[in-house]
Amino acid sequence: MIQHSLVSVVDDDESVRESLPDLLRQFGFAVQAFSSAEAFLASEFVSQTNCLILDIAMVGMSGPDLQQELIRRRQSIPIVFITAHGDPTVRPRLLALGATECLFKPFSDDALLEALTKALG
Amino acid sequence: METPIEQPVDEITRLQRCVNDLVSILALPAMWTGGDPSHIGHTLIDSLASILTLDFVYVRLNDQVGARIEMVRGARLATPQAEDIGADLRHWFGDHPETWPPVVRCRIGDEDLSIAAVPLGFHGKLGIIVTGAQRVDFPEQKERLLLTVAANQASIALREAQVLSEQRGLAQELDRRVAHRTLELAQANEDLRREMAERTRAKTQLAGENELLQMVASGRVLADVLAALCRFVEETADDCICGAYLIDWRVPAFQNGGSPSLPTSFTAPIEGLPVRSELCPCGIAALEKRQVISADLESDPLWHDTAYRSLLLSHGLRSVWSTPILALSGRVLGTFAIYHRRPATPSPGVQELIAQVTHIASIAIERAQDEAALKRSAAFLAQGQHLSSTGTFSWRLDTDDIRFSEEANRIFEFDADSRVSLEQIADRVHPEDIQLLSEKVEFARRTGGDVDYEIRLRLADASVKYLRTIAHGSRDENGRMEYIGAIQDVTARRLSEQAFERARSELAHVARVATLGALTASIAHEVNQPLSGIITNAGTCLRMLDASPPDVDGARETARRTIRDGNRASDMITRLRSLFSKKEFTQELLDLNEATREVIALSLSELQRNRVVVQSELADDLPSITGDRVQLQQVLLNLLRNASDAMVGVDDRPRQLLIRTESEGRDHVRVTVRDAGVGIERQVMDKLFDAFYTTKSSGMGIGLSVSRAIVERHRGRLWAEPNDGPGATFAFSIPRDPERTTDAARIVRHS
């Protein structure tokens with residue numbers, strides 16, 4: 001059951017932190033948004049998070065860095081990467097490292113829902 | 001004085017005797033003919049002594065008759081001495097006989113004598129006759145007569161003798177003078193003969209020397225000249241044998257230069273003989289720069305017990321004179337030796353000959369050495385030219401006489417000895433470069449300035465050579481222009497440069513593409529962020545409206561965010577644009593001609609490399625304009641590059657590029673760049689200035705759009721049009737002062 005699952009959004013872009021939680025709530029998820037990987041790691045929601053929507057390029061710790069850190073902490077949270085860089089070569093690399101999906105901005109709400117369903121299913 | 005006649009018979013006898021005596025006296029002159037005064041004197045005194053009865057007779061002849069003579073006869077005087085009598089007489093009568101009294105009685109010796117003196121000649125000039133007798137009556141009348149006649153006769157005879165003597169003297173003098181003169185003539189004749197012989201000899205010698213010098217001048221082999229020189233000396237100076245030896249100072253050792261009359265058994269030991277003063281006279285001559293004479297080797301202690309002495313003596317040679325052959329600089333070139341089969345020392349004449357031939361030998365040797373050095377140097381030069389693939393040439397403008405070096409001929413594939421003409425050169429030049437060549441030739445003829453250009457040859461086998469030509473023009477003393485230059489075959493370098501250039505341009509393209517990729521990625525990121533927000537918000541908005549009941553407030557909020565993100569994206573684009581355009585815009589007064597010249601100079605080598613012939617027509621009276629020099633030069637550079645690029649594939653016509661500046665109306669200037677390239681089709685003319693539009697495989701398509709932006713910032717206009725013939729023309733026109741352009745123009749542009 002995906003209802004009430006906690007989806008955490010980590011992105012340094014404010015517009016994403018504004019818009020994405022609203023859409024996720026429309027989908028029926030509980031949402032927490034963080035402006036950086038460090039902020040997320042420092043929060044109490046790491047262990048409660050059922051799915052992580054993670055920006056790749058961020059100032060400070062990047063999305064893949066956070067992915068590695070979680071693996072190191074044995075926190076197996078399904079991750080959906082999102083990125084504004086249209087470089088298609090990063091996707092297979094991230095998927096190989098265990099990411100559920102990698103979406104290129106701008107992405108449709110259907111694509112997002114599909115990725116979340118896969119992550120939580 | 002009268003003598004009384006005593007007896008007639010006696011008287012007759014006396015007279016008969018008297019006549020006889022007179023006849024005897026008168027006969028005297030016959031005896032005297034041709035006689036000298038002494039003879040006359042002696043005959044006279046002897047006759048008087050025999051005819052008259054006297055105790056003494058004294059005759060004295062004066063200097064005038066030829067010689068002073070005193071003589072005396074005296075029957076009764078004991079050993080009468082003429083000088084004594086003379087002295088006595090002078091004692092009695094004084095020193096001058098002409099003043100002596102005619103008759104006087106005086107004592108001479110132990111006797112009293114009657115003395116009678118009769119002068120000879122007028123006033124006794126010729127001398128005097130003095131007679132003396134013990135008789136008191138002496139002289140009688142008859143005796144006086146006889147004395148007077150005798151004196152007269154003697155005077156005449158003495159005069160004649162005197163004349164005769166004078167004549168004889170004259171004749172003798174004449175003979176003497178004739179003899180003297182004859183001797184002088186004979187001497188002169190001898191001198192002349194000697195002089196002529198000397199002259200003949202000198203002439204022969206001079207002819208020989210001239211012949212030798214001619215051999216030297218005509219470049220005969222040194223060995224021949226030196227051999228001829230030896231033979232010449234052997235012929236000129238008697239019975240000698242000569243040898244000329246060269247010195248290789250690097251060893252140092254002697255080499256046989258020429259010795260035609262010496263056998264190998266003599267010359268072989270000298271070949272390679274070290275130049276040392278203890279080994280031979282030539283060693284001393286060479287080392288001490290002086291002549292060494294060994295008159296007789298058998299006795300010369302200097303060469304006692306030497307191999308040299310044995311060598312000479314075994315060949316029958318007894319003497320050697322060795323003379324150094326000196327160059328003008330004083331350097332010893334060799335030695336010249338003269339040998340004799342007998343002991344000998346050189347005469348001054350031979351010394352002169354030696355001086356002369358060693359001088360000629362020095363000229364011959366120096367010339368030979370110079371020639372060898374010249375040949376070596378020419379060989380080095382040819383080798384150097386070959387190694388560096390550089391040929392040299394000279395070109396006389398007035399006659400078009402062109403000389404090519406060996407290497408230049410090789411580069412052009414001309415026959416080594418063929419005459420080179422401009423036509424032949426043009427024949428080898430690549431058809432596309434004929435124009436360039438004729439322009440350079442025309443430039444040289446017109447200005448005489450230095451040229452430095454590259455040109456291609458197309459050879460018979462269709463291969464292409466790249467040549468760099470550098471030449472300097474100068475005038476000779478007659479004001480005739482000549483170019484001296486170097487032609488370097490730079491084909492290998494040019495081909496590798498072209499390969500490098502291709503690699504570089506491909507690399508540059510890759511880099512540009514990579515940069516472009518990074519740029520677009522960055523642009524995409526910046527744009528995708530707000531787009532992502534927009535799409536997410538729009539999706540949320542729709543879902544809120546679709547919900548039941550619809551969340552209208554939420555939908556309104558997301559719609560508001562959508563608008564905000566849309567504006568954000570728009571701002572982003574604006575920011576990107578401003579990022580790409582330079583904000584600073586410098587305004588300065590500038591001469592567009594000068595700026596154009598700089599750009600041409602800057603791109604000339606690249607244009608030349610692309611075989612583009614640049615022509616510029618810059619208006620003399622072009623007004624200054626106000627603008628950004630660097631930006632306008634960027635526009636010009638861009639237009640030149642485009643023009644050059646457009647002609648890269650053109651091979652059927654000259655790649656000509658024309659840059660022109662001119663005034664346009666009262667307050668605009670126009671710059672036109674016209675090429676002979678591939679041209680532009682009408683339909684793409686409008687797209688040309690769009691960013692990212694390009695017809696080139698390696699271009700990004702931003703040059704013309706940036707150029708147009710720059711020109712427009714100067715409130716000017718940039719446009720393109722196809723030529724009537726091949727190629728296209730790009731031009732821009734800008735106002736002299738952008739501040740003064742009307743607002744109307746600005747409005748038109750902005751629309």
# chains A, B, ... in the order shown; residues from 1 in each chain; ligands from 1
$ closest_atom_pairs --of "chain B" --to "chain A" --cutoff "12 Å" --atoms "only C-alpha atoms" --output "Markdown table"
| residue | atom | partner | partner_atom | distance |
| --- | --- | --- | --- | --- |
| B:Gly517 | CA | A:Asp87 | CA | 10.2 |
| B:Ala518 | CA | A:His85 | CA | 10.2 |
| B:Leu519 | CA | A:His85 | CA | 11.3 |
| B:Thr520 | CA | A:Gly86 | CA | 9.5 |
| B:Ala521 | CA | A:His85 | CA | 6.2 |
| B:Ser522 | CA | A:His85 | CA | 7.5 |
| B:Ile523 | CA | A:His85 | CA | 9.2 |
| B:Ala524 | CA | A:His85 | CA | 6.7 |
| B:His525 | CA | A:Ala84 | CA | 4.8 |
| B:Glu526 | CA | A:Ala84 | CA | 7.7 |
| B:Val527 | CA | A:Ala84 | CA | 8.3 |
| B:Asn528 | CA | A:Ala84 | CA | 5.4 |
| B:Gln529 | CA | A:Ala84 | CA | 5.9 |
| B:Pro530 | CA | A:Ser15 | CA | 7.1 |
| B:Leu531 | CA | A:Pro106 | CA | 5.9 |
| B:Ser532 | CA | A:Pro106 | CA | 3.8 |
| B:Gly533 | CA | A:Ser15 | CA | 5.6 |
| B:Ile534 | CA | A:Pro106 | CA | 8.3 |
| B:Ile535 | CA | A:Pro106 | CA | 6.6 |
| B:Thr536 | CA | A:Ser19 | CA | 6.1 |
| B:Asn537 | CA | A:Ser19 | CA | 5.4 |
| B:Ala538 | CA | A:Ser19 | CA | 9.2 |
| B:Gly539 | CA | A:Asp109 | CA | 6.2 |
| B:Thr540 | CA | A:Leu23 | CA | 4.9 |
| B:Cys541 | CA | A:Leu23 | CA | 8.4 |
| B:Leu542 | CA | A:Leu23 | CA | 10.0 |
| B:Arg543 | CA | A:Gln26 | CA | 7.0 |
| B:Met544 | CA | A:Gln26 | CA | 7.3 |
| B:Leu545 | CA | A:Gln26 | CA | 10.8 |
| B:Asp546 | CA | A:Gln26 | CA | 10.5 |
| B:Ala547 | CA | A:Gln26 | CA | 8.9 |
| B:Ser548 | CA | A:Gln26 | CA | 11.9 |
| B:Pro550 | CA | A:Gln26 | CA | 11.5 |
| B:Asp551 | CA | A:Gln26 | CA | 10.2 |
| B:Gly554 | CA | A:Asp22 | CA | 8.7 |
| B:Ala555 | CA | A:Asp22 | CA | 10.1 |
| B:Glu557 | CA | A:Ser19 | CA | 9.9 |
| B:Thr558 | CA | A:Ser19 | CA | 7.3 |
| B:Ala559 | CA | A:Ser19 | CA | 10.4 |
| B:Arg560 | CA | A:Ser19 | CA | 11.0 |
| B:Arg561 | CA | A:Ser19 | CA | 7.9 |
| B:Thr562 | CA | A:Ser19 | CA | 9.0 |
| B:Ile563 | CA | A:Ser15 | CA | 11.7 |
| B:Arg564 | CA | A:Ser15 | CA | 9.4 |
| B:Asp565 | CA | A:Ser15 | CA | 7.5 |
| B:Gly566 | CA | A:Ser15 | CA | 11.2 |
| B:Arg568 | CA | A:Ser15 | CA | 10.0 |
| B:Ala569 | CA | A:Ser15 | CA | 11.6 |
$ residues_around --residues "Ala99 in chain A" --least-positions-apart "4" --cutoff "6 Å" --atoms "only C-alpha atoms" --output "list in words"
Ile79, Leu94 and Leu95 of chain A
$ write_last_selection --atoms "N, CA and C atoms" --output "mmCIF file, in the first residue's frame"
data_model
loop_
_atom_site.group_PDB
_atom_site.id
_atom_site.type_symbol
_atom_site.label_atom_id
_atom_site.label_comp_id
_atom_site.auth_asym_id
_atom_site.auth_seq_id
_atom_site.Cartn_x
_atom_site.Cartn_y
_atom_site.Cartn_z
ATOM 1 N N ILE A 79 15.449 4.989 -4.369
ATOM 2 C CA ILE A 79 15.749 6.369 -4.795
ATOM 3 C C ILE A 79 15.277 6.602 -6.216
ATOM 4 N N LEU A 94 23.543 5.219 -12.590
ATOM 5 C CA LEU A 94 22.832 5.337 -11.311
ATOM 6 C C LEU A 94 21.943 4.111 -11.046
ATOM 7 N N LEU A 95 21.307 3.643 -12.113
ATOM 8 C CA LEU A 95 20.442 2.470 -11.958
ATOM 9 C C LEU A 95 21.269 1.257 -11.527
#
$ select_by_dssp --residues "range 53-203 of chain B" --states "helix (DSSP H, G or I)" --output "PyMOL selection string"
chain B and resi 63-65+82-93+97-99+122-124+141-203
$ atom_distance --atom1 "CA of His91 in chain B" --atom2 "CA of Asp110 in chain B"
15.4 Å
$ residues_around --residues "Val9 in chain A" --least-positions-apart "3" --cutoff "10 Å" --atoms "only C-alpha atoms" --output "list in words"
Leu6, Asp12, Val16, Arg17, Leu20, Pro21, Leu24, Val31, Gln32, Ala33, Phe34, Ser35, Ser36, Ala37, Phe40, Thr49, Cys51, Leu52, Ile53, Leu54, Asp55, Val80, Phe81 and Ile82 of chain A
$ residues_around --residues "Glu662 in chain B" --least-positions-apart "4" --cutoff "10 Å" --atoms "only C-alpha atoms" --output "ChimeraX atom specification"
/B:592-593,617-623,668-672,733
$ atom_distance --atom1 "CA of Asp553 in chain B" --atom2 "CA of Gly28 in chain A"
18.0 Å
$ select_by_dssp --residues "range 216-448 of chain B" --states "strand (DSSP E or B)" --output "PyMOL selection string"
chain B and resi 240-248+253-258+274+292-294+319-326+332-340+390-396+401-404+420+429
$ closest_residue --among "A:Ile77, A:Met58, A:Ile71, A:Leu103" --to "Ser8 in chain A" --atoms "only C-alpha atoms"
A:Ile77
$ atom_distance --atom1 "CA of Asp628 in chain B" --atom2 "CA of Trp719 in chain B"
19.4 Å
$ residues_around --residues "range 385-391 of chain B" --least-positions-apart "2" --cutoff "8 Å" --atoms "only C-alpha atoms" --output "PyMOL selection string"
chain B and resi 381-383+393+404-409+411+486-490
$ write_last_selection --atoms "N, CA, C and O atoms" --output "short mmCIF file (atom, residue, chain, number, x, y, z; two decimals), in the first residue's frame"
data_model
loop_
_atom_site.label_atom_id
_atom_site.label_comp_id
_atom_site.auth_asym_id
_atom_site.auth_seq_id
_atom_site.Cartn_x
_atom_site.Cartn_y
_atom_site.Cartn_z
N LEU B 381 79.05 25.12 -50.71
CA LEU B 381 77.85 25.91 -50.95
C LEU B 381 76.79 25.05 -51.64
O LEU B 381 75.63 25.03 -51.23
N ALA B 382 77.23 24.32 -52.69
CA ALA B 382 76.29 23.49 -53.42
C ALA B 382 75.70 22.43 -52.50
O ALA B 382 74.49 22.18 -52.50
N GLN B 383 76.58 21.84 -51.68
CA GLN B 383 76.14 20.80 -50.74
C GLN B 383 75.14 21.41 -49.75
O GLN B 383 74.10 20.82 -49.46
N PHE B 393 69.32 32.69 -56.73
CA PHE B 393 69.19 33.19 -58.10
C PHE B 393 69.50 34.67 -58.14
O PHE B 393 69.53 35.35 -57.11
N PHE B 404 70.37 30.87 -62.24
CA PHE B 404 69.93 29.94 -61.19
C PHE B 404 71.12 29.16 -60.68
O PHE B 404 72.00 28.78 -61.45
N SER B 405 71.18 28.92 -59.38
CA SER B 405 72.20 28.04 -58.85
C SER B 405 71.81 26.60 -59.19
O SER B 405 70.68 26.33 -59.61
N GLU B 406 72.77 25.71 -58.99
CA GLU B 406 72.55 24.31 -59.30
C GLU B 406 71.29 23.79 -58.59
O GLU B 406 70.46 23.11 -59.19
N GLU B 407 71.18 24.16 -57.31
CA GLU B 407 70.06 23.66 -56.52
C GLU B 407 68.74 24.27 -57.00
O GLU B 407 67.71 23.59 -57.02
N ALA B 408 68.80 25.56 -57.40
CA ALA B 408 67.60 26.21 -57.91
C ALA B 408 67.13 25.49 -59.18
O ALA B 408 65.94 25.24 -59.37
N ASN B 409 68.08 25.15 -60.04
CA ASN B 409 67.75 24.39 -61.25
C ASN B 409 67.11 23.06 -60.88
O ASN B 409 66.16 22.62 -61.51
N ILE B 411 65.47 22.32 -58.13
CA ILE B 411 64.13 22.54 -57.59
C ILE B 411 63.12 22.74 -58.71
O ILE B 411 62.04 22.18 -58.71
N ALA B 486 66.80 33.91 -52.63
CA ALA B 486 66.88 32.49 -52.29
C ALA B 486 65.51 31.87 -52.51
O ALA B 486 64.48 32.49 -52.26
N ILE B 487 65.55 30.66 -53.02
CA ILE B 487 64.31 29.92 -53.24
C ILE B 487 64.41 28.66 -52.40
O ILE B 487 65.33 27.86 -52.61
N GLN B 488 63.49 28.50 -51.45
CA GLN B 488 63.56 27.30 -50.62
C GLN B 488 62.38 26.39 -50.93
O GLN B 488 61.24 26.85 -51.04
N ASP B 489 62.69 25.13 -51.11
CA ASP B 489 61.65 24.15 -51.34
C ASP B 489 61.05 23.79 -49.98
O ASP B 489 61.68 23.10 -49.18
N VAL B 490 59.86 24.31 -49.70
CA VAL B 490 59.24 24.09 -48.39
C VAL B 490 58.10 23.08 -48.50
O VAL B 490 57.22 23.07 -47.64
#
$ residues_around --residues "Asp476 in chain B" --least-positions-apart "6" --cutoff "12 Å" --atoms "only C-alpha atoms" --output "list in words"
Arg396, Leu397, Asp398, Glu482, Tyr483 and Ile484 of chain B
$ closest_residue --among "A:Ala111, A:Leu41, A:Gly60, A:Phe29" --to "His4 in chain A" --atoms "only C-alpha atoms"
A:Phe29
$ closest_residue --among "A:Val46, A:Leu120, A:Val7, A:Cys102" --to "Glu69 in chain A" --atoms "only C-alpha atoms"
A:Val46
$ residues_around --residues "Glu681 in chain B" --least-positions-apart "2" --cutoff "10 Å" --atoms "only C-alpha atoms" --output "PyMOL selection string"
chain B and resi 678-679+683-686+721-722+728
$ write_last_selection --atoms "N, CA, C and O atoms" --output "compact mmCIF listing (two decimals), in the first residue's frame"
# COMPACT_ATOMS: atom_id res chain seq x y z
N VAL B 678 32.64 30.49 -53.63
CA VAL B 678 31.52 29.69 -54.10
C VAL B 678 30.23 30.51 -54.24
O VAL B 678 29.29 30.10 -54.93
N GLY B 679 30.16 31.68 -53.59
CA GLY B 679 28.98 32.53 -53.72
C GLY B 679 27.86 32.09 -52.77
O GLY B 679 27.98 31.11 -52.05
N GLN B 683 18.26 32.48 -51.79
CA GLN B 683 17.30 32.05 -50.76
C GLN B 683 17.93 31.93 -49.38
O GLN B 683 17.22 31.96 -48.38
N VAL B 684 19.25 31.74 -49.31
CA VAL B 684 19.84 31.63 -47.97
C VAL B 684 20.36 32.97 -47.47
O VAL B 684 20.83 33.09 -46.35
N MET B 685 20.27 33.98 -48.34
CA MET B 685 20.83 35.29 -48.01
C MET B 685 20.31 35.81 -46.67
O MET B 685 21.05 36.37 -45.88
N ASP B 686 19.01 35.59 -46.40
CA ASP B 686 18.41 36.12 -45.18
C ASP B 686 18.87 35.36 -43.94
O ASP B 686 19.00 35.92 -42.87
N GLU B 721 25.62 40.36 -50.67
CA GLU B 721 24.95 40.21 -51.97
C GLU B 721 25.82 39.37 -52.89
O GLU B 721 27.06 39.40 -52.78
N PRO B 722 25.17 38.61 -53.76
CA PRO B 722 25.97 37.80 -54.69
C PRO B 722 26.62 38.70 -55.75
O PRO B 722 26.07 39.76 -56.07
N ALA B 728 30.88 36.37 -53.68
CA ALA B 728 29.91 37.19 -52.98
C ALA B 728 30.60 38.43 -52.41
O ALA B 728 31.82 38.47 -52.31
